[in-house]
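Trainee: I'm passing along data32.pdb; it holds PDB, C-alpha atoms.
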```pdb
ATOM      1  CA  MET A   1     -83.178  44.516  61.196
ATOM      2  CA  PRO A   2     -86.344  44.635  59.058
ATOM      3  CA  ARG A   3     -87.525  48.026  57.848
ATOM      4  CA  ILE A   4     -91.278  48.347  57.306
ATOM      5  CA  LEU A   5     -93.612  51.188  56.400
ATOM      6  CA  VAL A   6     -96.229  52.252  58.935
ATOM      7  CA  ASP A   7     -98.723  54.749  57.535
ATOM      8  CA  GLY A   8     -96.084  55.666  54.994
ATOM      9  CA  LEU A   9     -93.229  56.207  57.456
ATOM     10  CA  PRO A  10     -90.236  53.859  57.707
ATOM     11  CA  VAL A  11     -89.788  51.993  60.998
ATOM     12  CA  ASP A  12     -86.806  49.764  61.835
ATOM     13  CA  LEU A  13     -87.504  46.807  64.086
ATOM     14  CA  PRO A  14     -85.353  44.192  65.788
ATOM     15  CA  ALA A  15     -85.293  40.857  63.956
ATOM     16  CA  GLY A  16     -88.228  38.702  64.957
ATOM     17  CA  ALA A  17     -90.256  41.595  66.357
ATOM     18  CA  LEU A  18     -94.034  41.687  66.179
ATOM     19  CA  LEU A  19     -95.797  44.551  64.448
ATOM     20  CA  THR A  20     -96.989  45.754  67.857
ATOM     21  CA  ALA A  21     -93.432  46.985  68.404
ATOM     22  CA  ALA A  22     -93.810  49.407  65.469
ATOM     23  CA  LEU A  23     -96.916  51.272  66.608
ATOM     24  CA  GLY A  24     -95.481  53.816  69.014
ATOM     25  CA  GLN A  25     -95.350  54.256  72.792
ATOM     26  CA  PRO A  26     -97.841  53.111  73.832
ATOM     27  CA  PRO A  27     -98.799  51.187  70.694
ATOM     28  CA  VAL A  28    -101.820  52.543  68.793
ATOM     29  CA  ALA A  29    -103.307  50.328  66.092
ATOM     30  CA  GLY A  30    -106.409  52.214  65.058
ATOM     31  CA  CYS A  31    -109.482  53.818  66.470
ATOM     32  CA  SER A  32    -112.960  52.955  67.666
ATOM     33  CA  LEU A  33    -116.224  53.773  65.923
ATOM     34  CA  ALA A  34    -116.394  56.889  68.065
ATOM     35  CA  GLY A  35    -112.893  57.880  66.988
ATOM     36  CA  GLY A  36    -110.949  57.184  70.175
ATOM     37  CA  PRO A  37    -107.517  55.616  69.743
ATOM     38  CA  ARG A  38    -107.144  51.902  70.375
ATOM     39  CA  GLY A  39    -104.107  49.788  71.018
ATOM     40  CA  PRO A  40    -103.415  46.150  71.730
ATOM     41  CA  LEU A  41    -105.152  44.823  74.839
ATOM     42  CA  CYS A  42    -104.725  41.054  75.068
ATOM     43  CA  GLY A  43    -101.533  40.569  73.043
ATOM     44  CA  MET A  44    -102.619  37.084  72.001
ATOM     45  CA  GLY A  45    -105.101  37.349  69.162
ATOM     46  CA  GLN A  46    -108.303  37.440  71.186
ATOM     47  CA  CYS A  47    -109.450  41.048  71.370
ATOM     48  CA  PHE A  48    -108.839  42.317  67.807
ATOM     49  CA  GLU A  49    -108.013  45.786  69.136
ATOM     50  CA  CYS A  50    -104.724  45.712  67.216
ATOM     51  CA  GLN A  51    -106.266  44.879  63.856
ATOM     52  CA  LEU A  52    -104.670  46.736  60.981
ATOM     53  CA  GLN A  53    -103.729  46.155  57.370
ATOM     54  CA  VAL A  54    -100.573  44.444  56.229
ATOM     55  CA  ASP A  55     -99.933  44.610  52.500
ATOM     56  CA  GLY A  56    -103.610  45.292  51.957
ATOM     57  CA  ARG A  57    -104.951  42.440  54.106
ATOM     58  CA  GLN A  58    -106.492  42.525  57.544
ATOM     59  CA  ALA A  59    -104.089  41.252  60.195
ATOM     60  CA  LEU A  60    -103.573  41.358  63.944
ATOM     61  CA  ALA A  61    -100.410  43.189  64.904
ATOM     62  CA  CYS A  62     -99.867  40.978  67.966
ATOM     63  CA  LEU A  63     -99.693  37.819  65.839
ATOM     64  CA  THR A  64     -97.732  39.182  62.887
ATOM     65  CA  ARG A  65     -93.969  39.162  62.706
ATOM     66  CA  ALA A  66     -92.373  42.093  60.913
ATOM     67  CA  VAL A  67     -90.834  41.195  57.561
ATOM     68  CA  ALA A  68     -88.717  43.718  55.666
ATOM     69  CA  GLY A  69     -90.769  45.681  53.173
ATOM     70  CA  MET A  70     -94.141  45.153  54.811
ATOM     71  CA  VAL A  71     -96.596  47.986  54.253
ATOM     72  CA  VAL A  72     -98.705  48.537  57.355
ATOM     73  CA  VAL A  73    -101.717  50.815  57.420
ATOM     74  CA  ARG A  74    -103.444  51.545  60.675
ATOM     75  CA  ASP A  75    -107.179  51.461  60.883
ATOM     76  CA  GLY A  76    -108.410  55.044  60.780
ATOM     77  CA  ALA A  77    -105.107  56.328  62.113
ATOM     78  CA  ALA A  78    -103.593  56.690  58.668
ATOM     79  CA  GLY A  79    -102.783  60.021  57.167
ATOM     80  CA  PRO A  80    -104.056  61.373  53.848
ATOM     81  CA  ASP A  81    -101.229  59.688  51.957
ATOM     82  CA  VAL A  82    -102.590  56.180  52.539
ATOM     83  CA  ALA A  83    -103.662  55.746  48.924
ATOM     84  CA  GLN A  84    -100.190  56.653  47.639
ATOM     85  CA  VAL A  85     -98.535  54.275  50.042
ATOM     86  CA  SER A  86    -100.512  51.099  49.531
ATOM     87  CA  GLY A  87    -102.947  51.563  46.687
ATOM     88  CA  PRO A  88    -106.551  52.687  46.570
ATOM     89  CA  GLU A  89    -107.958  49.388  47.910
ATOM     90  CA  ALA A  90    -106.258  49.951  51.262
ATOM     91  CA  GLY A  91    -108.394  52.968  52.006
ATOM     92  CA  MET A  92    -111.547  51.107  51.066
ATOM     93  CA  ALA A  93    -110.797  48.320  53.484
ATOM     94  CA  VAL A  94    -110.754  50.622  56.488
ATOM     95  CA  ARG A  95    -113.834  49.564  58.410
ATOM     96  CA  ARG A  96    -113.667  50.874  61.916
ATOM     97  CA  GLY A  97    -112.366  54.361  61.255
TER      98      GLY A  97
ATOM     99  CA  MET B   1    -106.670   1.407  65.210
ATOM    100  CA  VAL B   2    -104.858   4.709  65.591
ATOM    101  CA  GLU B   3    -102.739   4.030  62.501
ATOM    102  CA  GLY B   4    -103.604   6.580  59.841
ATOM    103  CA  LEU B   5    -106.296   8.214  61.964
ATOM    104  CA  ARG B   6    -106.499  11.888  61.056
ATOM    105  CA  VAL B   7    -105.977  13.814  64.281
ATOM    106  CA  LEU B   8    -106.332  17.584  64.207
ATOM    107  CA  VAL B   9    -104.888  19.515  67.146
ATOM    108  CA  VAL B  10    -105.918  23.137  67.611
ATOM    109  CA  GLY B  11    -103.295  24.953  69.653
ATOM    110  CA  ALA B  12     -99.509  24.535  69.554
ATOM    111  CA  GLY B  13     -98.832  25.359  73.182
ATOM    112  CA  PRO B  14     -97.505  22.825  75.691
ATOM    113  CA  ALA B  15    -100.755  20.825  75.797
ATOM    114  CA  GLY B  16    -101.232  20.787  72.036
ATOM    115  CA  LEU B  17     -97.630  19.744  71.406
ATOM    116  CA  ALA B  18     -97.875  16.940  73.952
ATOM    117  CA  ALA B  19    -101.080  15.699  72.335
ATOM    118  CA  ALA B  20     -99.643  15.959  68.829
ATOM    119  CA  VAL B  21     -96.427  14.120  69.702
ATOM    120  CA  ALA B  22     -98.311  11.334  71.510
ATOM    121  CA  ALA B  23    -100.751  10.864  68.644
ATOM    122  CA  ALA B  24     -98.015  10.930  66.006
ATOM    123  CA  ARG B  25     -95.916   8.378  67.913
ATOM    124  CA  ALA B  26     -98.984   6.142  67.998
ATOM    125  CA  GLY B  27     -99.187   6.285  64.213
ATOM    126  CA  ALA B  28    -101.883   8.886  63.687
ATOM    127  CA  ALA B  29    -101.718  11.402  60.830
ATOM    128  CA  VAL B  30    -101.428  14.580  62.874
ATOM    129  CA  THR B  31    -102.047  18.172  61.883
ATOM    130  CA  VAL B  32    -101.464  21.049  64.285
ATOM    131  CA  VAL B  33    -103.041  24.470  63.809
ATOM    132  CA  ASP B  34    -102.111  27.627  65.684
ATOM    133  CA  ALA B  35    -102.744  31.347  65.260
ATOM    134  CA  LEU B  36     -99.139  32.237  66.073
ATOM    135  CA  PRO B  37     -96.459  31.896  63.400
ATOM    136  CA  GLU B  38     -94.449  29.468  65.576
ATOM    137  CA  PRO B  39     -95.204  26.627  67.984
ATOM    138  CA  GLY B  40     -95.042  27.295  71.722
ATOM    139  CA  GLY B  41     -98.301  29.019  72.531
ATOM    140  CA  GLN B  42     -98.272  31.855  75.017
ATOM    141  CA  VAL B  43     -96.239  29.978  77.610
ATOM    142  CA  TRP B  44     -93.315  29.200  75.304
ATOM    143  CA  ARG B  45     -93.820  32.118  72.995
ATOM    144  CA  GLY B  46     -90.720  33.211  71.107
ATOM    145  CA  LEU B  47     -88.685  30.159  72.135
ATOM    146  CA  TRP B  48     -89.108  28.037  68.989
ATOM    147  CA  GLY B  49     -86.146  29.545  67.143
ATOM    148  CA  ALA B  50     -83.874  29.724  70.174
ATOM    149  CA  PRO B  51     -81.750  26.811  71.361
ATOM    150  CA  ARG B  52     -83.466  26.023  74.578
ATOM    151  CA  GLU B  53     -82.890  23.682  77.466
ATOM    152  CA  GLY B  54     -85.622  22.449  79.732
ATOM    153  CA  ARG B  55     -89.155  21.514  78.951
ATOM    154  CA  ALA B  56     -89.765  23.771  75.980
ATOM    155  CA  GLY B  57     -86.637  22.543  74.231
ATOM    156  CA  ALA B  58     -87.468  18.910  74.968
ATOM    157  CA  TRP B  59     -90.970  19.227  73.539
ATOM    158  CA  PHE B  60     -89.790  21.167  70.514
ATOM    159  CA  ARG B  61     -87.247  18.423  69.792
ATOM    160  CA  ALA B  62     -89.948  15.799  70.247
ATOM    161  CA  LEU B  63     -92.178  17.661  67.809
ATOM    162  CA  ARG B  64     -89.406  17.879  65.233
ATOM    163  CA  SER B  65     -88.800  14.130  65.550
ATOM    164  CA  VAL B  66     -92.289  13.096  64.418
ATOM    165  CA  PRO B  67     -94.127  13.602  61.119
ATOM    166  CA  VAL B  68     -96.580  16.348  62.052
ATOM    167  CA  ASP B  69     -98.183  18.727  59.560
ATOM    168  CA  LEU B  70     -97.748  22.171  61.173
ATOM    169  CA  ARG B  71    -100.167  24.790  59.888
ATOM    170  CA  LEU B  72     -99.253  27.990  61.669
ATOM    171  CA  GLY B  73    -100.472  31.549  61.433
ATOM    172  CA  ARG B  74    -104.013  30.249  60.958
ATOM    173  CA  ARG B  75    -107.105  30.755  63.017
ATOM    174  CA  VAL B  76    -110.154  28.503  63.155
ATOM    175  CA  ILE B  77    -113.137  30.491  61.949
ATOM    176  CA  THR B  78    -115.819  27.907  61.257
ATOM    177  CA  ALA B  79    -116.929  24.310  61.653
ATOM    178  CA  PRO B  80    -118.882  23.826  58.425
ATOM    179  CA  GLY B  81    -119.820  20.218  59.144
ATOM    180  CA  PRO B  82    -118.905  17.096  61.089
ATOM    181  CA  GLY B  83    -115.220  16.278  60.848
ATOM    182  CA  ARG B  84    -114.259  19.513  59.184
ATOM    183  CA  LEU B  85    -112.855  22.880  60.278
ATOM    184  CA  GLY B  86    -112.470  26.051  58.261
ATOM    185  CA  LEU B  87    -109.286  28.082  58.766
ATOM    186  CA  LEU B  88    -108.174  31.529  57.765
ATOM    187  CA  GLY B  89    -104.467  32.099  57.238
ATOM    188  CA  PRO B  90    -101.900  33.984  55.219
ATOM    189  CA  GLN B  91    -102.859  32.061  52.075
ATOM    190  CA  GLY B  92    -106.543  32.742  52.606
ATOM    191  CA  ALA B  93    -109.228  30.253  53.616
ATOM    192  CA  GLU B  94    -108.728  26.492  53.767
ATOM    193  CA  GLN B  95    -110.585  23.481  55.100
ATOM    194  CA  LEU B  96    -109.235  20.557  57.082
ATOM    195  CA  ASP B  97    -110.896  17.174  57.560
ATOM    196  CA  TYR B  98    -110.304  15.102  60.664
ATOM    197  CA  ASP B  99    -111.353  11.918  62.391
ATOM    198  CA  ARG B 100    -110.545  13.179  65.873
ATOM    199  CA  LEU B 101    -110.267  16.780  67.053
ATOM    200  CA  ILE B 102    -108.200  17.867  70.039
ATOM    201  CA  LEU B 103    -108.810  21.375  71.339
ATOM    202  CA  ALA B 104    -105.782  22.648  73.238
ATOM    203  CA  THR B 105    -106.640  26.311  73.072
ATOM    204  CA  GLY B 106    -105.356  27.162  76.517
ATOM    205  CA  ALA B 107    -106.409  30.034  78.688
ATOM    206  CA  ARG B 108    -106.933  33.693  78.173
ATOM    207  CA  GLU B 109    -107.019  36.632  80.499
ATOM    208  CA  ARG B 110    -110.272  37.851  81.901
ATOM    209  CA  PHE B 111    -110.625  41.609  81.837
ATOM    210  CA  LEU B 112    -112.781  43.485  84.304
ATOM    211  CA  PRO B 113    -113.541  46.813  82.662
ATOM    212  CA  PHE B 114    -113.074  50.110  84.482
ATOM    213  CA  PRO B 115    -113.287  53.678  83.215
ATOM    214  CA  GLY B 116    -110.365  54.235  80.884
ATOM    215  CA  TRP B 117    -109.627  50.579  80.164
ATOM    216  CA  THR B 118    -109.660  51.177  76.403
ATOM    217  CA  LEU B 119    -106.878  53.769  76.483
ATOM    218  CA  PRO B 120    -103.725  52.873  74.571
ATOM    219  CA  GLY B 121    -101.216  51.810  77.214
ATOM    220  CA  VAL B 122    -103.788  49.811  79.166
ATOM    221  CA  LEU B 123    -103.259  46.105  78.470
ATOM    222  CA  GLY B 124    -103.724  42.724  80.006
ATOM    223  CA  ALA B 125    -100.801  41.676  82.190
ATOM    224  CA  GLY B 126    -100.039  38.744  79.933
ATOM    225  CA  GLY B 127    -100.688  41.039  76.981
ATOM    226  CA  LEU B 128     -97.932  43.481  77.882
ATOM    227  CA  GLN B 129     -95.627  40.565  78.600
ATOM    228  CA  ALA B 130     -96.348  39.146  75.148
ATOM    229  CA  LEU B 131     -95.677  42.502  73.507
ATOM    230  CA  ALA B 132     -92.427  42.890  75.421
ATOM    231  CA  LYS B 133     -91.347  39.458  74.184
ATOM    232  CA  GLY B 134     -92.367  40.691  70.734
ATOM    233  CA  GLY B 135     -89.897  43.552  70.728
ATOM    234  CA  LEU B 136     -91.813  46.393  72.405
ATOM    235  CA  GLU B 137     -89.122  48.450  74.183
ATOM    236  CA  LEU B 138     -90.028  48.990  77.844
ATOM    237  CA  ARG B 139     -86.696  50.254  79.200
ATOM    238  CA  GLY B 140     -87.407  53.075  81.630
ATOM    239  CA  ARG B 141     -91.175  52.891  81.124
ATOM    240  CA  ARG B 142     -93.314  53.304  84.220
ATOM    241  CA  VAL B 143     -95.622  50.339  84.608
ATOM    242  CA  VAL B 144     -98.458  49.623  87.030
ATOM    243  CA  VAL B 145     -99.297  45.911  87.176
ATOM    244  CA  ALA B 146    -102.763  45.204  88.562
ATOM    245  CA  GLY B 147    -105.263  42.401  88.896
ATOM    246  CA  SER B 148    -105.207  39.167  90.826
ATOM    247  CA  GLY B 149    -103.200  35.979  90.991
ATOM    248  CA  PRO B 150     -99.587  34.853  90.662
ATOM    249  CA  LEU B 151     -99.419  35.806  86.961
ATOM    250  CA  LEU B 152     -99.085  39.426  88.091
ATOM    251  CA  LEU B 153     -95.825  38.764  89.909
ATOM    252  CA  ALA B 154     -94.418  36.672  87.096
ATOM    253  CA  VAL B 155     -95.278  39.406  84.596
ATOM    254  CA  ALA B 156     -93.924  42.172  86.813
ATOM    255  CA  ALA B 157     -90.636  40.299  87.265
ATOM    256  CA  GLY B 158     -90.377  39.800  83.512
ATOM    257  CA  LEU B 159     -91.061  43.460  82.758
ATOM    258  CA  ARG B 160     -88.561  44.568  85.382
ATOM    259  CA  ALA B 161     -85.957  42.261  83.843
ATOM    260  CA  ARG B 162     -86.523  44.124  80.562
ATOM    261  CA  GLY B 163     -85.795  47.448  82.180
ATOM    262  CA  ALA B 164     -89.319  48.623  82.962
ATOM    263  CA  ARG B 165     -89.904  50.543  86.182
ATOM    264  CA  VAL B 166     -92.615  48.586  87.965
ATOM    265  CA  LEU B 167     -94.228  51.190  90.228
ATOM    266  CA  VAL B 168     -96.549  48.822  92.023
ATOM    267  CA  VAL B 169     -98.062  45.365  91.709
ATOM    268  CA  ALA B 170    -101.646  45.949  92.830
ATOM    269  CA  GLU B 171    -103.103  42.634  93.956
ATOM    270  CA  GLN B 172    -106.809  42.764  94.597
ATOM    271  CA  ALA B 173    -106.752  39.906  97.110
ATOM    272  CA  GLY B 174    -105.958  40.780 100.690
ATOM    273  CA  LEU B 175    -102.745  39.801 102.417
ATOM    274  CA  GLY B 176    -104.559  37.082 104.376
ATOM    275  CA  ALA B 177    -105.670  35.310 101.229
ATOM    276  CA  LEU B 178    -102.138  35.431  99.849
ATOM    277  CA  LEU B 179    -100.581  34.097 103.040
ATOM    278  CA  GLY B 180    -103.038  31.234 102.816
ATOM    279  CA  LEU B 181    -101.202  30.141  99.670
ATOM    280  CA  ALA B 182     -97.781  30.179 101.305
ATOM    281  CA  PRO B 183     -97.840  26.656 102.828
ATOM    282  CA  GLY B 184     -98.699  25.180  99.432
ATOM    283  CA  LEU B 185     -95.872  27.127  97.846
ATOM    284  CA  LEU B 186     -93.352  26.042 100.452
ATOM    285  CA  ALA B 187     -94.338  22.420  99.892
ATOM    286  CA  ARG B 188     -93.464  22.653  96.190
ATOM    287  CA  PRO B 189     -89.782  23.533  95.736
ATOM    288  CA  ARG B 190     -90.116  23.932  91.979
ATOM    289  CA  LEU B 191     -92.871  26.521  92.347
ATOM    290  CA  LEU B 192     -90.830  28.226  95.012
ATOM    291  CA  ALA B 193     -87.851  28.438  92.666
ATOM    292  CA  GLN B 194     -90.073  30.059  90.073
ATOM    293  CA  ALA B 195     -91.019  32.654  92.668
ATOM    294  CA  LEU B 196     -87.424  33.761  93.338
ATOM    295  CA  PRO B 197     -87.439  36.530  90.679
ATOM    296  CA  TRP B 198     -90.428  38.033  92.472
ATOM    297  CA  ILE B 199     -88.276  39.152  95.393
ATOM    298  CA  GLY B 200     -88.237  42.907  95.815
ATOM    299  CA  LEU B 201     -91.279  43.615  93.689
ATOM    300  CA  PRO B 202     -93.452  46.420  95.113
ATOM    301  CA  LEU B 203     -96.450  44.230  95.912
ATOM    302  CA  ARG B 204     -99.466  45.915  97.444
ATOM    303  CA  THR B 205    -102.325  43.658  98.488
ATOM    304  CA  GLY B 206    -105.936  44.745  98.797
ATOM    305  CA  ALA B 207    -105.429  47.258  95.976
ATOM    306  CA  TRP B 208    -107.169  47.589  92.639
ATOM    307  CA  VAL B 209    -107.625  49.985  89.756
ATOM    308  CA  VAL B 210    -110.726  52.175  89.805
ATOM    309  CA  ARG B 211    -109.880  54.376  86.835
ATOM    310  CA  ALA B 212    -107.306  55.047  84.149
ATOM    311  CA  GLU B 213    -106.946  58.585  82.897
ATOM    312  CA  GLY B 214    -105.609  59.774  79.569
ATOM    313  CA  ALA B 215    -103.246  62.625  78.869
ATOM    314  CA  GLU B 216    -104.935  65.816  77.718
ATOM    315  CA  GLY B 217    -105.173  65.949  73.944
ATOM    316  CA  THR B 218    -103.604  62.559  73.216
ATOM    317  CA  ASP B 219    -106.061  60.167  74.891
ATOM    318  CA  ARG B 220    -103.176  57.983  76.014
ATOM    319  CA  LEU B 221    -102.680  56.643  79.489
ATOM    320  CA  GLU B 222    -101.204  59.114  81.950
ATOM    321  CA  ARG B 223    -102.564  58.400  85.416
ATOM    322  CA  VAL B 224    -103.791  55.299  87.222
ATOM    323  CA  HIS B 225    -106.207  55.680  90.116
ATOM    324  CA  LEU B 226    -106.000  52.895  92.692
ATOM    325  CA  ARG B 227    -108.098  52.075  95.698
ATOM    326  CA  THR B 228    -105.987  50.648  98.482
ATOM    327  CA  THR B 229    -106.450  49.693 102.106
ATOM    328  CA  ALA B 230    -104.608  52.927 102.944
ATOM    329  CA  GLY B 231    -106.928  55.049 100.818
ATOM    330  CA  PRO B 232    -106.882  56.230  97.204
ATOM    331  CA  ARG B 233    -103.595  56.457  95.316
ATOM    332  CA  VAL B 234    -102.816  58.111  91.984
ATOM    333  CA  LEU B 235     -99.768  57.063  89.980
ATOM    334  CA  GLU B 236     -98.368  58.536  86.789
ATOM    335  CA  ALA B 237     -97.622  55.665  84.459
ATOM    336  CA  ASP B 238     -96.859  54.836  80.824
ATOM    337  CA  TYR B 239     -98.461  51.403  81.000
ATOM    338  CA  LEU B 240    -101.110  49.685  83.057
ATOM    339  CA  ALA B 241    -100.978  45.916  82.687
TER     340      ALA B 241
END
```
Any chance you could give the structure as C-alpha cells?
Mentor:
Amino acid sequence: MPRILVDGLPVDLPAGALLTAALGQPPVAGCSLAGGPRGPLCGMGQCFECQLQVDGRQALACLTRAVAGMVVVRDGAAGPDVAQVSGPEAGMAVRRG
Amino acid sequence: MVEGLRVLVVGAGPAGLAAAVAAARAGAAVTVVDALPEPGGQVWRGLWGAPREGRAGAWFRALRSVPVDLRLGRRVITAPGPGRLGLLGPQGAEQLDYDRLILATGARERFLPFPGWTLPGVLGAGGLQALAKGGLELRGRRVVVAGSGPLLLAVAAGLRARGARVLVVAEQAGLGALLGLAPGLLARPRLLAQALPWIGLPLRTGAWVVRAEGAEGTDRLERVHLRTTAGPRVLEADYLA
C-alpha cells in the first residue's frame, strides 16, 4: 500500500492506484485562472484538468500510478508549506493558480 | 519488404496491439507508444498485470510473444519532420524515427457543456469509470449518469458493481429511438450477453442535465438539475458522470 504526500499530508493508496484516488471526494487537482476548484473530467489524459506536480514535474493525475514516496503538489490548491515539502522550485512551477 | 521496416504504433489499446503484433510477426521493427503506463488502452485499462482470460489476455500474450519496443507513459507532442515524432515522457523528451506510422488513438468522449460542468465531481461517464478502475472509492456514493448511448449503461453497471448508488441513468434519446436498437441487439447474442449487467438500472429516457449546482462554500457538486419528459427533476448527488 503506497504512501504518498499530497500537499504535505500523507495519503495511503491501494497498490496500483492512480493519483486521482488521492485527491479527495470528489477529487480536486487544482484550480482555474479565476480560482475555482477543478478536478479530473475525462480520466484519460485529454482534458488536463487533473494536472499537478509529481516530484517537481508536471504530470496528469489520471495517467500516473502512485509510487511510495511520491511528493504531489496540487496546482494552486497547495497550502503555505509547499516550499518546505518539495523545494522552492515547486512553487515556481505553479502556473494556473 | 516488411523485414526491418520501422513501424511506429501510437496507441496501445486493442487496435494498436493488433497492429503491432501483426507488423512484428511480419518482420517489422515495431515500437508502440502510449500515454498510459501499461498496454490496454481505455478498453482494457488495468488488465495488463492481471491474469486474464478472453480477448485482452489473448492479445497481451500475443504482444509478449513478439519483439516489440514498448514505450509507455509517453505522449506525442510534436511531429518535427517527415518520419519523426517527438515524445514527452518520464525521462523527458525523446524523438522516434519511423518508416510507417500507425495511429490507433481510439475514441474520446464528447462533452456538451452546461452550467456547472466544471465543478469537481462532474466527469465524463468513461472518466469516472476510469477513475474507479484507478482506485477511486465509490462505495455508497450517489451517482447520476447522464448523456447518450450504450456507454452510459455499461458505465452505470460498472459503478454499481463497485458499490456506487446509481440514482438515475439519464439518456437523452427518447424511448422510441432506444427501442429501435432492440432488434439489432437481439440479433447479436454476444452484445446481448454484454447487456445482462444492465438489468435493473434506473434508466430514464428523454432526460438530460440542464445544470449542476455546487455546495455552498465548497464549490463541489451537490445537486443535479434534469429536464425529463415528466418535467424538471433535482437530485442530490456526489458525482455526475
Trainee: Going by the chain IDs and residue numbers used in this file, which residues fall under the PyMOL selection byres ((chain B) within 6 of (chain A))? Write them as a compact mmCIF listing (two decimals) with C-alpha atoms, keeping the file's coordinate frame.
Mentor:
```txt
# COMPACT_ATOMS: atom_id res chain seq x y z
CA LEU B 36 -99.14 32.24 66.07
CA PRO B 120 -103.72 52.87 74.57
CA GLY B 121 -101.22 51.81 77.21
CA LEU B 123 -103.26 46.10 78.47
CA GLY B 124 -103.72 42.72 80.01
CA GLY B 127 -100.69 41.04 76.98
CA ALA B 130 -96.35 39.15 75.15
CA GLY B 134 -92.37 40.69 70.73
CA GLY B 135 -89.90 43.55 70.73
CA LEU B 136 -91.81 46.39 72.40
```
Trainee: Once 3 Å is added on each side, what are the centre and the three edge lengths, in Å to one decimal, of the axis-aligned box enclosing the listed atoms of stretch 156-163 of chain B? Present them as JSON.
Mentor:
```
{"center_x": -89.9, "center_y": 43.6, "center_z": 83.9, "size_x": 14.1, "size_y": 13.6, "size_z": 12.7}
```
Trainee: Would you work out the distance separating atom CA of B:Leu96 from atom CA of A:Leu60, expressed in Å to one decimal?
Mentor: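 Atom CA of A:Leu60 lies at a distance of 22.6 Å from atom CA of B:Leu96.
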Trainee: Take the PyMOL selection byres ((chain B and resi 57-61) around 9), apply it to the structure above, and return the hits as a PDB file with C-alpha atoms, keeping the file's coordinate frame.
Mentor:
```pdb
ATOM      1  CA  PRO B  14     -97.505  22.825  75.691  1.00  0.00           C
ATOM      2  CA  LEU B  17     -97.630  19.744  71.406  1.00  0.00           C
ATOM      3  CA  ALA B  18     -97.875  16.940  73.952  1.00  0.00           C
ATOM      4  CA  VAL B  21     -96.427  14.120  69.702  1.00  0.00           C
ATOM      5  CA  PRO B  39     -95.204  26.627  67.984  1.00  0.00           C
ATOM      6  CA  GLY B  40     -95.042  27.295  71.722  1.00  0.00           C
ATOM      7  CA  LEU B  47     -88.685  30.159  72.135  1.00  0.00           C
ATOM      8  CA  TRP B  48     -89.108  28.037  68.989  1.00  0.00           C
ATOM      9  CA  ALA B  50     -83.874  29.724  70.174  1.00  0.00           C
ATOM     10  CA  PRO B  51     -81.750  26.811  71.361  1.00  0.00           C
ATOM     11  CA  ARG B  52     -83.466  26.023  74.578  1.00  0.00           C
ATOM     12  CA  GLU B  53     -82.890  23.682  77.466  1.00  0.00           C
ATOM     13  CA  GLY B  54     -85.622  22.449  79.732  1.00  0.00           C
ATOM     14  CA  ARG B  55     -89.155  21.514  78.951  1.00  0.00           C
ATOM     15  CA  ALA B  56     -89.765  23.771  75.980  1.00  0.00           C
ATOM     16  CA  ALA B  62     -89.948  15.799  70.247  1.00  0.00           C
ATOM     17  CA  LEU B  63     -92.178  17.661  67.809  1.00  0.00           C
ATOM     18  CA  ARG B  64     -89.406  17.879  65.233  1.00  0.00           C
ATOM     19  CA  SER B  65     -88.800  14.130  65.550  1.00  0.00           C
TER      20      SER B  65
END
```
Trainee: How would you write, as number ranges by chain, the residues chosen by the PyMOL selection byres ((chain B and resi 149) around 9) on this structure?
Mentor: B: 147-148, 150-153, 171-173, 178
Trainee: Go ahead and compute the interatomic distance for atom CA of B:Leu131 and atom CA of B:Ala146, in Å to one decimal.
Mentor: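 According to the coordinates, atom CA of B:Leu131 and atom CA of B:Ala146 are separated by 16.9 Å.
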Trainee: Could you list, as number ranges by chain, every residue within 9 Å of stretch 88-93 of chain B, counting only C-alpha atoms and ignoring same-chain residues fewer than 3 positions away?
Mentor: B: 35, 71-77
Trainee: May I ask which of the residues B:Arg165, B:Arg160, B:Arg84, B:Arg110 is the closest one to B:Arg142, counting all atoms listed in the file?
Mentor: B:Arg165
